[in-house]
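Chemist: Quick one: this structure, given as structure tokens, is what I'll be asking you about.
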Amino acid sequence: MLAGIYIHIPFCKSRCSYCDFATGLYQSDIAERYVEALVTEIRTTPHTGKVDTIYFGGGTPSMLSSAQIERILSAVHESFHVEPNSEITMEINPGSVTSEILREFRSVGINRASFGAQTFDDNELAKLGRAHSSADTLKTFSSLREARFDNVSFDLIAGLPGQTLAGWQENVERSLELRPEHLSFYLLEVHSATPLAQHIERGIQPKPDEDLAGEMYEWMLERSSLAGYEHYEISNLCLEGHESRHNTKYWTGDAYFGFGCSAHSYDGVSRRWSNERDVARYVETIVSGNTPIVEQHELTQEEMRAEAVFLGMRMMKGVDIREFKQLYGVDLREQHREDFSRFEEAGLIEFEGDLVRLTRTGALMSNEVFARFV
Ligand code: SF4
């Protein structure tokens with residue numbers, strides 16, 4: 001089994017109003033100390049083996065220099081066997097990089113970009129506190145192509161406060177015109193303790209409309225499948241052969257090792273663990289020679305089975321009931337007879353041979369379906 005590597009870079013140019021990720025404002029001296037700590041963590045990891053995906057997430061990893069990225073990648077190569085043709089992704093925000101810098105990232109081995117476009121509406125971008133405009137999105141996207149990035153994923157957010165269906169449709173159309181290889185879309189979640197949650201509470205911004213967000217989701221699936229995109233996971237679509245190999249590991253139970261503050265890991269069998277969330281504490285811990293792991297969990301057989309169902313069903317091809325029985329000794333049809341027939345009648349799941357999968361309506365209401373398997 002080939003594992004994946006996740007590397008968390010917790011720095012951004014400014015703080016978006018809806019963000020609850022472990023990230024802070026970029027400062028070059030802190031970033032340098034952080035990179036040093038990351039390199040130490042990767043070099044001293046007890047884990048080894050073959051990997052075929054590396055993912056720089058954040059935060060805004062593209063705020064690091066190509067030399068820093070190269071140092072991190074060298075440490076990964078020292079500790080792991082990185083397969084030729086590995087997928088090496090970096091999250092990049094519009095307006096944060098020039099073509100020159102993108103070429104440098106490409107030359108140190110980054111071959112896929114996950115591009116945080118979010119929306120093409122400048123008012124919505126401003127309300128979200130994003131540091132870029134739609135003109136930046138267009139410019140950075142063309143710089144990515146100039147720098148020979150031929151595997152680009154667009155992130156879009158639906159259900160923004162005050163967003164209309166027509167506004168969303170315009171966003172989707174403008175994204176499709178650019179023909180990225182991959183599209184990820186998220187329904188806006190309002191996390192408590194974010195500025196956005198306070199704005200909504202004080203009536204400065206309207207509450208997102210969930211029914212409308214559902215309509216947006218369905219419309220996008222229909223429109224993008226007409227444009228040749230395959231809906232392969234609840235929130236992800238791609239042109240043929242461009243599924244995110246890294247993210248697919250999260251849904252299919254492959255191992256992944258996370259480095260950096262707040263990074264999560266899974267050994268591909270039964271153990272999950274996660275790192276210290278705070279940047280300063282993470283760096284101090286590494287410098288003093290201690291482990292940054294703050295939480296570990298050994299999954300029970302039952303938890304493993306539940307995860308295999310609710311993560312596996314995120315993939316639109318579904319879960320193979322026969323294979324599941326061979327692996328876990330449980331017949332899902334028997335164990336979930338009542339739930340399955342209720343969901344099938346409601347049009348949320350469907351069966352084909354040994355496969356059980358979500359329908360398009362089921363994908364929209366996946367939380368209700370998954371709640372029965374947790
Ligand atoms: S760019 Fe991303 S990680 Fe950074 S503050 Fe905005 S939403 Fe959060």
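Chain labels run A, B, ... following the order of the structure tokens; each chain numbers its residues from 1, and ligands are numbered from 1 in the order shown.
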Which residues come within 10 Å of Val287 of chain A, counting only C-alpha atoms, excluding same-chain residues fewer than 2 positions away, as JSON, numbers by chain?
Modeler: {"A": [33, 36, 37, 40, 41, 281, 282, 283, 284, 285, 289, 290, 291]}
Chemist: Which residues of chain A come within 9 Å of ligand 1, and for each one, what is the closest pair of atoms and their distance in Å to one decimal, counting only C-alpha atoms and all ligand atoms, sorted by chain and residue number, as a Markdown table?
Modeler:
| residue | atom | partner | partner_atom_place_in_ligand_line | distance |
| --- | --- | --- | --- | --- |
| A:Pro10 | CA | ligand 1 | 3 (S) | 7.4 |
| A:Phe11 | CA | ligand 1 | 4 (Fe) | 6.8 |
| A:Cys12 | CA | ligand 1 | 4 (Fe) | 4.7 |
| A:Lys13 | CA | ligand 1 | 4 (Fe) | 7.2 |
| A:Ser14 | CA | ligand 1 | 5 (S) | 6.0 |
| A:Arg15 | CA | ligand 1 | 5 (S) | 3.9 |
| A:Cys16 | CA | ligand 1 | 6 (Fe) | 4.1 |
| A:Ser17 | CA | ligand 1 | 5 (S) | 7.5 |
| A:Tyr18 | CA | ligand 1 | 7 (S) | 6.7 |
| A:Cys19 | CA | ligand 1 | 8 (Fe) | 4.4 |
| A:Asp20 | CA | ligand 1 | 8 (Fe) | 6.6 |
| A:Phe21 | CA | ligand 1 | 8 (Fe) | 5.7 |
| A:Ala22 | CA | ligand 1 | 3 (S) | 7.5 |
| A:Thr23 | CA | ligand 1 | 3 (S) | 5.9 |
| A:Gly24 | CA | ligand 1 | 5 (S) | 7.4 |
| A:Leu25 | CA | ligand 1 | 5 (S) | 8.3 |
| A:Gly57 | CA | ligand 1 | 3 (S) | 8.5 |
| A:Gly58 | CA | ligand 1 | 3 (S) | 5.4 |
| A:Gly59 | CA | ligand 1 | 3 (S) | 3.7 |
| A:Thr60 | CA | ligand 1 | 4 (Fe) | 5.8 |
| A:Ile92 | CA | ligand 1 | 1 (S) | 8.9 |
| A:Asn93 | CA | ligand 1 | 1 (S) | 6.8 |
| A:Gly116 | CA | ligand 1 | 1 (S) | 7.7 |
| A:Leu128 | CA | ligand 1 | 6 (Fe) | 8.5 |
| A:Gly129 | CA | ligand 1 | 6 (Fe) | 7.6 |
| A:Arg130 | CA | ligand 1 | 6 (Fe) | 6.2 |
| A:Ala131 | CA | ligand 1 | 1 (S) | 7.8 |
Chemist: Can you list, as a PyMOL selection string, every protein, DNA or RNA residue that comes within 12 Å of His182 of chain A when you count only C-alpha atoms, leaving out same-chain residues fewer than 3 positions away?
Modeler: chain A and resi 112-115+150-156+175-176+178-179+185+224+228-233+235-245
Chemist: For the selection you just gave me, I'd like the residues written to a file as a PDB file, in the first residue's frame, keeping C-alpha atoms.
Modeler:
ATOM      1  CA  ARG A 112      -0.469  19.978  -8.953  1.00  0.00           C
ATOM      2  CA  ALA A 113      -2.056  23.202  -7.688  1.00  0.00           C
ATOM      3  CA  SER A 114      -5.124  23.457  -5.525  1.00  0.00           C
ATOM      4  CA  PHE A 115      -6.319  26.947  -6.266  1.00  0.00           C
ATOM      5  CA  ASP A 150      -1.332  21.041 -16.141  1.00  0.00           C
ATOM      6  CA  ASN A 151      -3.182  19.674 -13.113  1.00  0.00           C
ATOM      7  CA  VAL A 152      -5.085  22.445 -11.345  1.00  0.00           C
ATOM      8  CA  SER A 153      -7.984  22.147  -8.944  1.00  0.00           C
ATOM      9  CA  PHE A 154     -10.386  25.018  -8.261  1.00  0.00           C
ATOM     10  CA  ASP A 155     -11.993  25.501  -4.853  1.00  0.00           C
ATOM     11  CA  LEU A 156     -15.398  27.173  -4.890  1.00  0.00           C
ATOM     12  CA  SER A 175     -14.768  28.363 -13.592  1.00  0.00           C
ATOM     13  CA  LEU A 176     -15.779  25.943 -16.342  1.00  0.00           C
ATOM     14  CA  LEU A 178     -11.123  28.139 -17.560  1.00  0.00           C
ATOM     15  CA  ARG A 179     -11.355  24.337 -17.719  1.00  0.00           C
ATOM     16  CA  PHE A 185     -16.805  22.848  -3.909  1.00  0.00           C
ATOM     17  CA  SER A 224     -20.381  20.388 -14.761  1.00  0.00           C
ATOM     18  CA  GLY A 228     -17.466  16.642 -19.128  1.00  0.00           C
ATOM     19  CA  TYR A 229     -16.613  16.536 -15.426  1.00  0.00           C
ATOM     20  CA  GLU A 230     -17.110  13.361 -13.450  1.00  0.00           C
ATOM     21  CA  HIS A 231     -18.629  13.651  -9.970  1.00  0.00           C
ATOM     22  CA  TYR A 232     -16.394  11.167  -8.146  1.00  0.00           C
ATOM     23  CA  GLU A 233     -16.762  12.264  -4.520  1.00  0.00           C
ATOM     24  CA  SER A 235     -17.639  17.530  -3.037  1.00  0.00           C
ATOM     25  CA  ASN A 236     -15.276  16.799  -5.919  1.00  0.00           C
ATOM     26  CA  LEU A 237     -15.421  16.599  -9.708  1.00  0.00           C
ATOM     27  CA  CYS A 238     -12.708  16.095 -12.265  1.00  0.00           C
ATOM     28  CA  LEU A 239     -11.879  15.625 -15.904  1.00  0.00           C
ATOM     29  CA  GLU A 240     -11.006  12.015 -16.730  1.00  0.00           C
ATOM     30  CA  GLY A 241      -7.975  10.707 -14.853  1.00  0.00           C
ATOM     31  CA  HIS A 242      -7.594  13.754 -12.619  1.00  0.00           C
ATOM     32  CA  GLU A 243      -9.080  12.566  -9.325  1.00  0.00           C
ATOM     33  CA  SER A 244      -7.114  13.902  -6.350  1.00  0.00           C
ATOM     34  CA  ARG A 245      -4.927  10.897  -5.582  1.00  0.00           C
TER      35      ARG A 245
END
Chemist: Can you list, as a PyMOL selection string, all residues belonging to segment 33-216 of chain A that DSSP tags as strand (DSSP E)?
Modeler: chain A and resi 50-58+81-92+112-118+152-158+182-187
Chemist: Skipping near chain neighbours, those fewer than 2 positions away, what residues fall within 12 Å of Glu218 of chain A using only C-alpha atoms, listed as a list in words?
Modeler: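 Close residues of Glu218 of chain A: Ala158, Leu165, Trp168, Gln169, Val172, Phe185, Leu187, Asp211, Leu212, Ala213, Gly214, Glu215, Met216, Met220, Leu221, Glu222, Arg223, Ser224, Ser225, His231, Ile234, Ser235, Thr359, Arg360, Thr361, Gly362, Ala363, Leu364 and Met365 of chain A.
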Chemist: Can you tell me which residues surround Ser192 of chain A at a distance of at most 12 Å, considering only C-alpha atoms, apart from same-chain residues fewer than 2 positions away, and format the answer as a list of chain:residue names?
Modeler: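 Result of the neighbour search: A:Ser17, A:Tyr18, A:Cys19, A:Asp20, A:Glu189, A:Val190, A:Thr194, A:Pro195, A:Leu196, A:Ala197, A:Gln198, A:His199, A:Ile200, A:Glu201.
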Chemist: Save out the residues we just selected, N, CA and C atoms, as a PDB file, in the first residue's frame.
Modeler:
ATOM      1  N   SER A  17     -12.738  35.789   7.056  1.00  0.00           N
ATOM      2  CA  SER A  17     -13.715  35.934   8.145  1.00  0.00           C
ATOM      3  C   SER A  17     -14.373  34.610   8.551  1.00  0.00           C
ATOM      4  N   TYR A  18     -14.313  33.578   7.688  1.00  0.00           N
ATOM      5  CA  TYR A  18     -15.003  32.323   7.990  1.00  0.00           C
ATOM      6  C   TYR A  18     -14.042  31.234   8.445  1.00  0.00           C
ATOM      7  N   CYS A  19     -12.735  31.583   8.530  1.00  0.00           N
ATOM      8  CA  CYS A  19     -11.721  30.534   8.687  1.00  0.00           C
ATOM      9  C   CYS A  19     -11.569  30.065  10.125  1.00  0.00           C
ATOM     10  N   ASP A  20     -11.575  28.734  10.318  1.00  0.00           N
ATOM     11  CA  ASP A  20     -11.231  28.229  11.651  1.00  0.00           C
ATOM     12  C   ASP A  20     -10.080  27.223  11.566  1.00  0.00           C
ATOM     13  N   GLU A 189     -19.652  26.700   5.779  1.00  0.00           N
ATOM     14  CA  GLU A 189     -20.003  26.344   7.154  1.00  0.00           C
ATOM     15  C   GLU A 189     -19.658  27.533   8.023  1.00  0.00           C
ATOM     16  N   VAL A 190     -20.604  27.908   8.883  1.00  0.00           N
ATOM     17  CA  VAL A 190     -20.323  29.050   9.762  1.00  0.00           C
ATOM     18  C   VAL A 190     -19.836  28.502  11.099  1.00  0.00           C
ATOM     19  N   THR A 194     -15.838  32.692  14.724  1.00  0.00           N
ATOM     20  CA  THR A 194     -15.202  33.358  13.580  1.00  0.00           C
ATOM     21  C   THR A 194     -15.895  34.711  13.405  1.00  0.00           C
ATOM     22  N   PRO A 195     -15.199  35.691  12.782  1.00  0.00           N
ATOM     23  CA  PRO A 195     -15.853  36.995  12.556  1.00  0.00           C
ATOM     24  C   PRO A 195     -17.168  36.840  11.778  1.00  0.00           C
ATOM     25  N   LEU A 196     -17.199  35.880  10.822  1.00  0.00           N
ATOM     26  CA  LEU A 196     -18.422  35.698  10.033  1.00  0.00           C
ATOM     27  C   LEU A 196     -19.599  35.329  10.945  1.00  0.00           C
ATOM     28  N   ALA A 197     -19.370  34.436  11.912  1.00  0.00           N
ATOM     29  CA  ALA A 197     -20.448  34.034  12.834  1.00  0.00           C
ATOM     30  C   ALA A 197     -20.950  35.259  13.604  1.00  0.00           C
ATOM     31  N   GLN A 198     -20.018  36.127  14.007  1.00  0.00           N
ATOM     32  CA  GLN A 198     -20.437  37.337  14.748  1.00  0.00           C
ATOM     33  C   GLN A 198     -21.227  38.288  13.848  1.00  0.00           C
ATOM     34  N   HIS A 199     -20.765  38.443  12.586  1.00  0.00           N
ATOM     35  CA  HIS A 199     -21.487  39.327  11.648  1.00  0.00           C
ATOM     36  C   HIS A 199     -22.923  38.843  11.469  1.00  0.00           C
ATOM     37  N   ILE A 200     -23.086  37.512  11.364  1.00  0.00           N
ATOM     38  CA  ILE A 200     -24.426  36.962  11.148  1.00  0.00           C
ATOM     39  C   ILE A 200     -25.266  37.173  12.406  1.00  0.00           C
ATOM     40  N   GLU A 201     -24.646  36.943  13.547  1.00  0.00           N
ATOM     41  CA  GLU A 201     -25.374  37.120  14.808  1.00  0.00           C
ATOM     42  C   GLU A 201     -25.854  38.561  14.978  1.00  0.00           C
TER      43      GLU A 201
END
Chemist: Which residues are near Phe370 of chain A? Cut-off 8 Å, only C-alpha atoms, ignore same chain within fewer than 4 positions. Put them as a ChimeraX atom specification.
Modeler: /A:310,366,374
Chemist: Nearest residue to Asn111 of chain A out of A:Thr53, A:Ser134, A:Ser28, A:Thr140, using only C-alpha atoms?
Modeler: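 When distances to Asn111 of chain A are compared using only C-alpha atoms, the smallest one comes from A:Thr53.
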Chemist: Using DSSP on the backbone coordinates, identify all residues within segment 179-309 of chain A classified as helix (DSSP H, G or I); present the result as JSON, numbers by chain.
Modeler: {"A": [195, 196, 197, 198, 199, 200, 201, 210, 211, 212, 213, 214, 215, 216, 217, 218, 219, 220, 221, 222, 223, 224, 225, 226, 245, 246, 247, 248, 249, 250, 251, 252, 279, 280, 281, 282, 283, 284, 285, 286, 287, 301, 302, 303, 304, 305, 306, 307, 308, 309]}
Chemist: State, in Å with one decimal place, the distance from atom CA of Tyr55 of chain A to atom CA of Glu177 of chain A.
Modeler: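 Rounded to one decimal, the two atoms are 26.3 Å apart.
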Chemist: Can you tell me how far atom CA of Gly318 of chain A sits from atom CA of Glu302 of chain A, in Å to one decimal?
Modeler: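 Separation of atom CA of Gly318 of chain A and atom CA of Glu302 of chain A: 19.6 Å.
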